[in-house]
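File shown: coords_11.cif (mmCIF, C-alpha atoms and all ligand atoms).
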```
data_protein
#
loop_
_atom_site.label_atom_id
_atom_site.label_comp_id
_atom_site.auth_asym_id
_atom_site.auth_seq_id
_atom_site.Cartn_x
_atom_site.Cartn_y
_atom_site.Cartn_z
CA MET A 26 84.51 87.39 97.58
CA SER A 27 85.34 86.55 94.03
CA ASP A 28 88.74 85.04 94.70
CA SER A 29 89.32 82.11 96.99
CA ALA A 30 92.52 83.69 98.33
CA PHE A 31 90.05 85.89 100.24
CA HIS A 32 87.67 83.76 102.29
CA TYR A 33 85.95 83.58 105.65
CA ALA A 34 87.10 81.22 108.39
CA ASP A 35 85.16 81.23 111.69
CA GLY A 36 83.39 84.42 110.66
CA VAL A 37 86.64 86.32 109.99
CA LEU A 38 87.87 87.34 106.55
CA HIS A 39 91.21 85.77 105.71
CA VAL A 40 93.79 86.52 103.07
CA GLU A 41 95.27 83.08 102.36
CA GLY A 42 96.21 81.85 105.85
CA VAL A 43 96.17 85.20 107.64
CA SER A 44 93.23 86.91 109.31
CA ALA A 45 92.49 90.31 107.81
CA ALA A 46 91.63 91.54 111.31
CA SER A 47 95.13 90.71 112.51
CA LEU A 48 96.64 92.44 109.47
CA ALA A 49 94.70 95.62 110.25
CA GLU A 50 95.68 95.36 113.91
CA GLN A 51 99.34 94.89 113.13
CA PHE A 52 99.79 97.29 110.23
CA GLY A 53 96.97 99.82 110.72
CA THR A 54 94.36 101.04 108.25
CA PRO A 55 93.75 101.99 105.51
CA LEU A 56 95.78 99.03 104.29
CA TYR A 57 96.17 97.45 100.89
CA VAL A 58 96.58 93.69 101.13
CA TYR A 59 97.63 91.42 98.26
CA SER A 60 97.60 87.65 97.96
CA ARG A 61 100.71 86.29 96.35
CA ASP A 62 98.87 83.11 95.52
CA ALA A 63 96.15 84.99 93.64
CA LEU A 64 98.77 86.92 91.66
CA THR A 65 100.58 83.70 90.82
CA ARG A 66 97.43 81.89 89.77
CA ALA A 67 96.29 84.69 87.48
CA TYR A 68 99.68 84.86 85.78
CA ARG A 69 99.80 81.07 85.39
CA ALA A 70 96.39 81.12 83.74
CA TYR A 71 97.83 83.38 81.06
CA ALA A 72 101.11 81.48 80.78
CA ASP A 73 99.50 78.03 80.66
CA ALA A 74 97.10 79.09 77.93
CA CYS A 75 100.07 80.38 75.90
CA ALA A 76 102.01 77.12 76.21
CA GLY A 77 103.16 75.80 72.84
CA ARG A 78 102.69 79.14 71.09
CA LYS A 79 105.10 81.99 70.53
CA ALA A 80 103.55 84.40 72.99
CA LYS A 81 104.69 86.77 75.71
CA ILE A 82 102.81 88.29 78.62
CA HIS A 83 103.73 91.88 79.41
CA VAL A 84 102.26 92.95 82.74
CA ALA A 85 100.74 96.44 82.39
CA ILE A 86 102.23 97.89 85.52
CA LYS A 87 100.00 100.94 85.67
CA ALA A 88 97.44 98.65 87.32
CA ASN A 89 99.77 97.82 90.20
CA SER A 90 103.41 98.79 90.25
CA ASN A 91 104.47 97.78 93.75
CA LEU A 92 107.95 96.26 93.51
CA ALA A 93 106.93 93.11 95.34
CA VAL A 94 104.04 92.55 92.93
CA LEU A 95 106.27 93.11 89.91
CA ASN A 96 108.89 90.81 91.39
CA VAL A 97 106.35 87.97 91.70
CA PHE A 98 105.67 88.30 87.98
CA ALA A 99 109.35 88.80 87.00
CA ARG A 100 110.26 85.56 88.76
CA MET A 101 107.66 83.76 86.67
CA GLY A 102 109.23 85.07 83.47
CA ALA A 103 106.86 87.95 82.72
CA GLY A 104 107.64 90.86 80.49
CA PHE A 105 106.26 94.32 81.29
CA ASP A 106 104.27 97.07 79.62
CA ILE A 107 105.22 100.57 80.74
CA VAL A 108 104.04 104.09 80.00
CA SER A 109 106.79 106.21 81.57
CA ALA A 110 110.49 106.23 82.41
CA GLY A 111 109.41 105.99 86.04
CA GLU A 112 107.64 102.71 85.35
CA LEU A 113 110.76 101.40 83.58
CA ALA A 114 112.83 102.22 86.66
CA ARG A 115 110.34 100.25 88.76
CA VAL A 116 110.54 97.23 86.46
CA ILE A 117 114.31 97.14 86.76
CA ALA A 118 114.26 97.76 90.52
CA ALA A 119 111.87 94.82 90.84
CA GLY A 120 114.13 92.40 88.96
CA GLY A 121 112.50 92.72 85.53
CA ARG A 122 114.47 93.32 82.33
CA ALA A 123 114.33 96.19 79.86
CA GLU A 124 114.72 93.64 77.04
CA ASP A 125 111.38 92.15 78.07
CA THR A 126 109.63 95.51 78.30
CA VAL A 127 107.42 97.29 75.79
CA PHE A 128 106.97 101.06 76.05
CA SER A 129 103.40 102.24 75.41
CA GLY A 130 101.77 105.63 75.83
CA VAL A 131 100.58 108.51 73.73
CA GLY A 132 103.01 111.18 74.98
CA LYS A 133 106.49 109.77 75.53
CA SER A 134 109.03 112.56 75.95
CA ALA A 135 112.38 112.58 74.11
CA ALA A 136 114.13 112.15 77.47
CA GLU A 137 112.04 109.07 78.25
CA MET A 138 112.76 107.62 74.80
CA ARG A 139 116.50 108.19 75.30
CA GLU A 140 116.50 106.44 78.63
CA ALA A 141 114.47 103.52 77.33
CA LEU A 142 116.71 103.13 74.26
CA GLN A 143 119.85 103.23 76.37
CA LEU A 144 118.47 100.60 78.69
CA GLY A 145 117.41 98.51 75.69
CA VAL A 146 113.62 98.15 75.79
CA LYS A 147 112.20 95.57 73.43
CA CYS A 148 109.75 97.76 71.54
CA PHE A 149 108.24 101.23 71.40
CA ASN A 150 104.50 101.19 70.80
CA VAL A 151 104.24 104.41 68.82
CA GLU A 152 100.99 106.31 68.47
CA SER A 153 101.59 109.14 65.96
CA ILE A 154 103.78 110.40 63.10
CA PRO A 155 105.33 113.22 65.16
CA GLU A 156 106.28 110.62 67.76
CA LEU A 157 108.00 108.54 65.02
CA HIS A 158 110.06 111.58 64.07
CA VAL A 159 111.15 112.28 67.62
CA LEU A 160 112.04 108.64 68.23
CA ASN A 161 114.02 108.49 64.99
CA HIS A 162 115.90 111.62 66.00
CA VAL A 163 116.66 110.35 69.50
CA ALA A 164 117.81 106.97 68.14
CA LYS A 165 120.07 108.67 65.59
CA ALA A 166 121.77 110.75 68.27
CA LEU A 167 122.50 107.52 70.17
CA GLY A 168 123.65 105.68 67.05
CA LYS A 169 120.89 103.11 67.50
CA LYS A 170 117.88 101.71 65.69
CA ALA A 171 114.69 101.90 67.72
CA PRO A 172 112.38 98.87 67.48
CA VAL A 173 108.90 100.13 66.63
CA SER A 174 105.35 98.84 66.62
CA LEU A 175 102.46 101.11 65.78
CA ARG A 176 99.46 101.07 68.03
CA VAL A 177 96.60 101.26 65.59
CA ASN A 178 93.16 102.42 66.50
CA PRO A 179 90.79 99.81 65.05
CA ASP A 180 87.66 101.84 65.88
CA VAL A 181 85.78 99.08 67.66
CA GLY A 182 83.55 99.67 70.68
CA PRO A 183 84.70 97.61 73.64
CA LYS A 184 81.36 97.99 75.45
CA THR A 185 82.90 99.40 78.60
CA HIS A 186 82.89 102.68 80.54
CA PRO A 187 83.61 105.64 78.19
CA TYR A 188 86.57 106.78 80.32
CA ILE A 189 88.33 103.46 79.84
CA SER A 190 87.47 102.73 76.24
CA THR A 191 90.49 103.54 74.12
CA GLY A 192 90.00 102.01 70.65
CA LEU A 193 87.34 104.33 69.22
CA LYS A 194 87.92 107.05 66.63
CA ALA A 195 86.98 109.61 69.23
CA ASN A 196 89.74 108.47 71.61
CA LYS A 197 93.17 110.08 71.71
CA PHE A 198 94.91 106.73 71.38
CA GLY A 199 96.56 105.03 68.45
CA VAL A 200 97.08 105.75 64.77
CA ALA A 201 93.79 105.97 62.85
CA PHE A 202 93.21 102.69 61.06
CA SER A 203 92.81 104.43 57.71
CA ASP A 204 96.26 106.08 58.13
CA ALA A 205 98.05 103.02 59.46
CA ARG A 206 99.50 101.65 56.22
CA ALA A 207 100.90 105.01 55.17
CA THR A 208 102.27 105.61 58.66
CA TYR A 209 104.07 102.26 58.53
CA ALA A 210 105.59 103.26 55.20
CA GLN A 211 106.91 106.44 56.81
CA ALA A 212 108.37 104.52 59.74
CA HIS A 213 110.01 102.09 57.31
CA ALA A 214 111.68 104.96 55.50
CA MET A 215 113.26 106.41 58.65
CA ASP A 216 116.91 105.40 59.06
CA ASN A 217 116.94 104.85 62.78
CA LEU A 218 113.69 102.96 63.21
CA GLU A 219 113.05 99.29 62.68
CA VAL A 220 109.47 98.16 62.26
CA VAL A 221 109.00 94.98 64.30
CA GLY A 222 105.33 94.70 65.10
CA THR A 223 101.83 96.03 65.29
CA GLY A 224 99.09 96.08 67.86
CA CYS A 225 96.12 97.71 69.48
CA HIS A 226 94.56 98.18 72.89
CA ILE A 227 90.83 98.73 72.75
CA GLY A 228 89.94 99.45 76.36
CA SER A 229 89.73 98.09 79.85
CA GLN A 230 87.30 96.04 81.94
CA ILE A 231 86.08 94.34 78.76
CA THR A 232 83.82 91.40 79.53
CA GLU A 233 83.24 90.01 76.04
CA ILE A 234 85.62 88.50 73.52
CA SER A 235 83.89 89.69 70.35
CA PRO A 236 85.34 93.25 70.31
CA TYR A 237 88.82 91.72 70.45
CA LEU A 238 88.10 89.48 67.48
CA ASP A 239 86.74 92.42 65.49
CA ALA A 240 89.87 94.42 66.30
CA LEU A 241 92.14 91.49 65.47
CA ASP A 242 90.52 91.00 62.08
CA LYS A 243 91.39 94.56 61.21
CA VAL A 244 94.91 94.31 62.61
CA LEU A 245 95.65 91.08 60.73
CA GLU A 246 94.39 92.61 57.50
CA LEU A 247 96.80 95.49 58.11
CA VAL A 248 99.68 93.06 58.77
CA GLU A 249 99.17 91.57 55.33
CA GLN A 250 99.26 95.01 53.74
CA ILE A 251 102.38 96.08 55.60
CA GLU A 252 104.20 92.89 54.73
CA ALA A 253 103.23 93.37 51.10
CA ASP A 254 104.95 96.75 51.45
CA GLY A 255 108.21 95.04 52.43
CA MET A 256 108.21 95.12 56.24
CA HIS A 257 108.34 92.09 58.47
CA ILE A 258 105.86 92.02 61.32
CA HIS A 259 107.41 89.88 64.01
CA HIS A 260 104.70 90.29 66.61
CA VAL A 261 101.07 91.26 67.04
CA ASP A 262 100.21 92.94 70.35
CA VAL A 263 96.60 92.40 71.37
CA GLY A 264 96.82 94.80 74.31
CA GLY A 265 95.22 94.24 77.68
CA GLY A 266 91.75 94.96 78.89
CA LEU A 267 90.23 91.69 80.03
CA GLY A 268 87.65 92.48 82.71
CA ILE A 269 87.18 90.96 86.15
CA THR A 270 84.21 90.28 88.40
CA TYR A 271 83.63 93.21 90.72
CA ASN A 272 79.99 92.36 91.32
CA ASP A 273 77.99 90.32 88.84
CA GLU A 274 80.05 90.70 85.67
CA THR A 275 80.82 87.45 83.88
CA PRO A 276 83.99 87.97 81.85
CA PRO A 277 85.49 84.98 80.03
CA ASP A 278 88.10 83.26 82.14
CA ILE A 279 91.72 84.05 81.34
CA GLY A 280 92.46 80.68 79.69
CA GLU A 281 89.42 80.83 77.44
CA PHE A 282 90.20 84.42 76.48
CA VAL A 283 93.83 83.71 75.60
CA LYS A 284 93.05 80.52 73.69
CA THR A 285 90.32 82.17 71.64
CA LEU A 286 92.61 85.00 70.63
CA LEU A 287 95.54 82.71 69.84
CA ASP A 288 93.29 80.49 67.73
CA HIS A 289 92.10 83.54 65.83
CA ILE A 290 95.69 84.45 65.04
CA LYS A 291 96.28 80.96 63.62
CA LYS A 292 94.68 82.14 60.39
CA PRO A 293 96.78 81.21 57.33
CA GLY A 294 100.01 83.15 57.29
CA HIS A 295 99.78 84.30 60.91
CA GLY A 296 100.31 81.16 62.99
CA GLN A 297 104.04 81.68 63.46
CA ARG A 298 103.77 85.27 64.52
CA GLU A 299 104.57 86.05 68.15
CA VAL A 300 101.59 87.32 70.13
CA TYR A 301 102.00 89.87 72.91
CA PHE A 302 99.49 90.38 75.70
CA GLU A 303 99.44 93.43 78.00
CA PRO A 304 97.12 92.49 80.89
CA GLY A 305 96.84 94.61 84.00
CA ARG A 306 93.56 94.38 85.86
CA SER A 307 92.95 90.67 85.23
CA LEU A 308 96.30 89.82 86.87
CA VAL A 309 96.03 91.96 89.98
CA GLY A 310 92.47 93.25 90.47
CA ASN A 311 91.05 90.41 92.49
CA ALA A 312 94.36 89.70 94.20
CA GLY A 313 93.99 92.78 96.39
CA ALA A 314 91.65 94.41 98.89
CA LEU A 315 91.68 97.64 100.82
CA LEU A 316 91.05 97.28 104.55
CA THR A 317 89.48 100.22 106.33
CA ARG A 318 88.02 100.98 109.75
CA VAL A 319 84.64 102.54 110.45
CA GLU A 320 85.28 105.82 112.26
CA TYR A 321 81.66 106.88 112.70
CA LEU A 322 78.15 105.77 111.83
CA LYS A 323 76.14 108.83 111.00
CA PRO A 324 72.40 108.46 110.52
CA GLY A 325 70.89 111.02 108.14
CA GLU A 326 67.45 112.08 107.04
CA GLU A 327 67.81 110.56 103.62
CA LYS A 328 70.86 108.38 104.01
CA ASN A 329 72.96 106.70 106.63
CA PHE A 330 76.67 107.16 106.33
CA ALA A 331 79.43 104.82 107.37
CA ILE A 332 82.43 107.14 107.57
CA VAL A 333 85.59 105.09 107.15
CA ASP A 334 89.30 105.92 107.33
CA ALA A 335 89.93 105.16 103.63
CA ALA A 336 88.93 107.77 101.10
CA MET A 337 88.92 108.76 97.44
CA ASN A 338 92.62 109.56 97.72
CA ASP A 339 93.25 105.89 98.58
CA LEU A 340 90.86 104.39 96.03
CA ALA A 341 89.80 106.83 93.33
CA ARG A 342 87.76 104.46 91.15
CA PRO A 343 84.31 105.04 92.68
CA ALA A 344 84.70 108.85 92.58
CA MET A 345 86.21 108.82 89.09
CA TYR A 346 84.15 106.21 87.28
CA GLU A 347 81.32 105.46 89.69
CA ALA A 348 83.01 102.08 89.87
CA PHE A 349 81.48 99.39 92.04
CA HIS A 350 83.60 97.57 94.61
CA ARG A 351 82.04 95.05 96.96
CA ILE A 352 82.38 96.06 100.59
CA VAL A 353 82.28 93.32 103.22
CA PRO A 354 82.81 93.17 106.97
CA VAL A 355 86.12 91.73 108.14
CA VAL A 356 84.46 90.18 111.20
CA GLU A 357 80.90 88.97 110.71
CA ARG A 358 78.53 90.30 113.38
CA ARG A 359 75.04 89.33 114.35
CA ASP A 360 74.58 91.62 117.35
CA VAL A 361 73.93 94.84 115.44
CA LYS A 362 71.17 95.78 113.04
CA THR A 363 71.78 95.58 109.29
CA GLN A 364 71.31 99.01 107.78
CA THR A 365 71.78 100.62 104.40
CA TYR A 366 74.79 102.93 104.29
CA ASP A 367 76.77 105.06 101.92
CA VAL A 368 80.36 104.20 102.72
CA VAL A 369 82.29 107.45 102.57
CA GLY A 370 85.73 108.76 103.47
CA PRO A 371 86.92 111.79 105.46
CA VAL A 372 87.92 113.88 102.40
CA CYS A 373 86.06 117.17 102.01
CA GLU A 374 84.24 116.33 98.78
CA SER A 375 80.77 114.94 98.21
CA GLY A 376 82.42 112.78 95.56
CA ASP A 377 84.40 111.05 98.28
CA TRP A 378 82.47 107.81 98.43
CA LEU A 379 83.55 104.20 98.19
CA GLY A 380 80.18 102.47 98.01
CA ARG A 381 76.56 103.59 97.86
CA ASP A 382 73.44 102.05 99.36
CA ARG A 383 75.19 99.07 100.89
CA ASP A 384 73.49 96.80 103.39
CA LEU A 385 76.02 96.38 106.14
CA THR A 386 75.98 94.86 109.59
CA VAL A 387 78.57 97.06 111.24
CA GLY A 388 79.33 99.07 114.32
CA GLN A 389 81.68 101.96 115.02
CA GLY A 390 85.29 100.76 115.06
CA ASP A 391 84.59 97.72 112.87
CA LEU A 392 86.77 96.79 109.93
CA LEU A 393 85.55 96.59 106.34
CA ALA A 394 87.25 95.17 103.26
CA ILE A 395 86.83 96.93 99.94
CA CYS A 396 87.19 94.12 97.47
CA SER A 397 88.83 93.86 94.04
CA ALA A 398 91.14 96.77 94.84
CA GLY A 399 94.39 95.27 93.56
CA ALA A 400 94.19 97.05 90.18
CA TYR A 401 94.23 100.84 89.80
CA GLY A 402 93.93 101.14 93.56
CA PHE A 403 97.20 102.15 95.12
CA THR A 404 98.66 103.28 91.77
CA MET A 405 95.95 105.93 91.43
CA SER A 406 96.11 107.05 95.04
CA SER A 407 97.12 110.58 95.97
CA ASN A 408 97.92 112.77 98.94
CA TYR A 409 94.83 114.94 98.61
CA ASN A 410 93.93 116.56 101.93
CA THR A 411 97.56 115.84 102.97
CA ARG A 412 96.68 112.24 103.67
CA PRO A 413 99.66 109.89 103.74
CA ARG A 414 99.25 107.04 101.31
CA ALA A 415 98.31 103.66 102.75
CA ALA A 416 100.73 100.85 103.51
CA GLU A 417 100.77 97.77 101.29
CA VAL A 418 101.16 94.24 102.58
CA MET A 419 101.66 90.99 100.72
CA VAL A 420 100.47 87.72 102.17
CA ASN A 421 102.14 84.45 101.27
CA GLY A 422 100.49 81.48 103.00
CA ALA A 423 100.64 82.13 106.73
CA ARG A 424 103.08 85.03 106.43
CA ALA A 425 102.52 88.71 105.78
CA ARG A 426 105.11 91.27 104.84
CA VAL A 427 104.95 95.04 104.48
CA VAL A 428 105.88 95.74 100.85
CA ARG A 429 105.39 99.48 101.14
CA LYS A 430 105.54 101.42 104.36
CA ARG A 431 102.75 103.77 105.27
CA GLU A 432 103.75 107.30 104.34
CA GLU A 433 104.43 109.76 107.11
CA VAL A 434 103.06 113.28 107.08
CA LYS A 435 106.53 114.85 107.15
CA GLN A 436 107.43 113.06 103.89
CA LEU A 437 104.53 114.76 102.18
CA PHE A 438 106.01 118.25 102.27
CA ALA A 439 109.69 117.33 102.56
CA GLY A 440 110.39 118.80 99.10
CA GLU A 441 108.61 122.07 99.80
CA SER A 442 110.04 125.31 101.12
CA VAL A 443 108.84 128.78 101.97
CA MET A 444 109.98 131.94 100.19
CA PRO A 445 113.05 133.45 101.89
CA ASP A 446 111.46 136.86 102.29
N1 LIG A 501 98.01 98.33 77.61
C1 LIG A 501 97.71 99.63 77.40
C2 LIG A 501 98.31 100.33 76.27
C3 LIG A 501 96.81 100.29 78.27
O1 LIG A 501 96.50 101.55 78.05
C4 LIG A 501 96.25 99.59 79.37
C5 LIG A 501 95.34 100.25 80.29
C6 LIG A 501 96.60 98.23 79.55
C7 LIG A 501 97.47 97.64 78.65
C8 LIG A 501 96.07 97.40 80.68
O2 LIG A 501 94.69 97.28 80.63
P1 LIG A 501 93.92 96.33 81.67
O3 LIG A 501 94.30 94.89 81.34
O4 LIG A 501 94.34 96.70 83.04
O5 LIG A 501 92.50 96.61 81.42
N2 LIG A 501 92.12 103.40 85.67
C9 LIG A 501 91.11 102.66 84.96
C10 LIG A 501 91.70 101.76 83.90
C11 LIG A 501 92.56 102.49 82.88
C12 LIG A 501 93.18 101.56 81.88
C13 LIG A 501 94.17 102.28 81.02
N3 LIG A 501 94.92 101.45 80.14
C14 LIG A 501 90.28 101.90 85.98
O6 LIG A 501 90.54 102.03 87.17
O7 LIG A 501 89.34 101.20 85.61
#
```
Take the structure in the file and write it out as structure tokens.
Ligand code: LLP
Amino acid sequence: MSDSAFHYADGVLHVEGVSAASLAEQFGTPLYVYSRDALTRAYRAYADACAGRKAKIHVAIKANSNLAVLNVFARMGAGFDIVSAGELARVIAAGGRAEDTVFSGVGKSAAEMREALQLGVKCFNVESIPELHVLNHVAKALGKKAPVSLRVNPDVGPKTHPYISTGLKANKFGVAFSDARATYAQAHAMDNLEVVGTGCHIGSQITEISPYLDALDKVLELVEQIEADGMHIHHVDVGGGLGITYNDETPPDIGEFVKTLLDHIKKPGHGQREVYFEPGRSLVGNAGALLTRVEYLKPGEEKNFAIVDAAMNDLARPAMYEAFHRIVPVVERRDVKTQTYDVVGPVCESGDWLGRDRDLTVGQGDLLAICSAGAYGFTMSSNYNTRPRAAEVMVNGARARVVRKREEVKQLFAGESVMPD
């Protein structure tokens, strides 16, 4: 596996000091498992590379919003990037601070803005003129000034999957680059807004640095224009998006990525500006795995199927993006034949697959680990087919702790009722 927190000892997959087989035995499957050490190391890589510069890491919690995960980052001094009032509530429940939180997203409601302003978030990353008007209105009613940064759309191709590329003209995100200066002028003229920054987010699972540098060049050019127009840009937000190794991708390592970007922002006139990062996947992706048990092996005319107890409702990425996740046995076996399987779940959809054409040495009842599932795994899970969502466990050295209980079926329809007649 791509992270040493997950390793084999005596033929059994371990998460730090704990056998994954014992975790599955104790807590059942499907089971999300996270390594605290891997989370800590990924965050430190960002923080260490920022040392000596004015920079702040805001964890994009959409990738993994479990309170225990957020708490690990909060204790290390992280800020947070949120896209809903619900995510803000999670940050605070996990020990994070609103003052260290930036509020992103293309469709914030007035109610969400009100809540975020009252709690005192650090910055609203605004994406359109109508949104500026609503925020100004909400801030006025509260007698406050809302700190604002525009998310500009630099129109650069991040060379990633079209569903997760966000900085192209064709995407719904951000203010068009050609409109950005005029939009800043409008924001500046609104009484209850205070322009504090600018930024962009060009996509996700990006494995090259060059699209970032292209985007930054445009953003820095814009900063100079806006400052010439009388605003002070306190920070530049470079977004998130750094990719991870799922299979054979070779993204730059976190330190190299951060240093290259910070160096780029050292250009004359920009060196003292604070730089914000919004990483999600690169902090949590390879710190988690999804453990699942093989229910049945089903030979077919064209394909063999390994039917497991995890499904697209637990991990949506393969069904949604044809995403690749490595799938490995928890206990290595030599006594059964290696065969090629599609690893599929019990959900009634042909799209319910987790891996295709995988060579696996498995038998019925065996455990498998679906790797690199710490990002956009649990957070995108659903109750489709009335399947309770999986439990989540965090491992710290030789100890494991349930950080989210497995859902029970009765919880799933607790809020429903039948018509009285
Ligand atoms: N900031 C903003 C404004 C974002 O929209 C995102 C992700 C991030 C930060 C964090 O990006 P990251 O570092 O995780 O790449 N569900 C998809 C990924 C969607 C990403 C959406 N935005 C997947 O499973 O691949």
Output as JSON the centre and edge lengths (Å, one decimal) of the box along x, y and z of the file that holds every listed atom of ligand LIG 501 (chain A) after adding 5 Å on each side.
```
{"center_x": 93.8, "center_y": 99.1, "center_z": 81.7, "size_x": 19.0, "size_y": 18.5, "size_z": 20.9}
```
Next on the checklist: Considering all atoms listed in the file, can you say which of A:Gly380, A:Gly305, A:Gly294, A:Pro445 comes closest to ligand LIG 501 (chain A)?
Outcome noted: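 Between A:Gly380, A:Gly305, A:Gly294, A:Pro445, the residue approaching ligand LIG 501 (chain A) most closely is A:Gly305.
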Next on the checklist: Which residue is closest to A:Arg78? Choose from A:Arg115, A:Lys291, A:Arg100, A:His259 and count all atoms listed in the file.
Outcome noted: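 The shortest atom-to-atom distance to A:Arg78 comes from A:Lys291.
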Checklist entry - Pick the closest to A:Ala34 from A:Val319, A:Val356, A:Leu167, A:Ala114: which is it, counting all atoms listed in the file? => result A:Val356
Checklist entry - Got a sec to check which residues lie within 6 Å of ligand LIG 501 (chain A), using only C-alpha atoms and all ligand atoms, and send them as a list in words? => result Ala85, Ala88, Ser129, Ile189, His226, Ser229, Gln230, Gly264, Gly265, Gly266, Leu267, Glu303, Pro304, Gly305, Arg306, Ser307, Arg342 and Tyr401 of chain A
Please, which residues are within 8 Å of (81.3, 101.8, 112.1) by the file's coordinates, counting all atoms listed in the file, and could they come as a PDB file with C-alpha atoms, keeping the file's coordinate frame?
```
ATOM      1  CA  ARG A 318      88.020 100.980 109.750  1.00  0.00           C
ATOM      2  CA  VAL A 319      84.640 102.540 110.450  1.00  0.00           C
ATOM      3  CA  GLU A 320      85.280 105.820 112.260  1.00  0.00           C
ATOM      4  CA  TYR A 321      81.660 106.880 112.700  1.00  0.00           C
ATOM      5  CA  LEU A 322      78.150 105.770 111.830  1.00  0.00           C
ATOM      6  CA  ALA A 331      79.430 104.820 107.370  1.00  0.00           C
ATOM      7  CA  ILE A 332      82.430 107.140 107.570  1.00  0.00           C
ATOM      8  CA  VAL A 333      85.590 105.090 107.150  1.00  0.00           C
ATOM      9  CA  VAL A 387      78.570  97.060 111.240  1.00  0.00           C
ATOM     10  CA  GLY A 388      79.330  99.070 114.320  1.00  0.00           C
ATOM     11  CA  GLN A 389      81.680 101.960 115.020  1.00  0.00           C
ATOM     12  CA  GLY A 390      85.290 100.760 115.060  1.00  0.00           C
ATOM     13  CA  ASP A 391      84.590  97.720 112.870  1.00  0.00           C
ATOM     14  CA  LEU A 392      86.770  96.790 109.930  1.00  0.00           C
TER      15      LEU A 392
END
```
Next on the checklist: What's the separation between atom CA of A:Val261 and atom CA of A:Val163, in Å to one decimal place?
Outcome noted: 24.8 Å
Next on the checklist: Quick check, in Å to one decimal: how far apart do atom CA of A:Met405 and atom CA of A:Lys87 lie?
Outcome noted: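 Those two atoms sit 8.6 Å apart.
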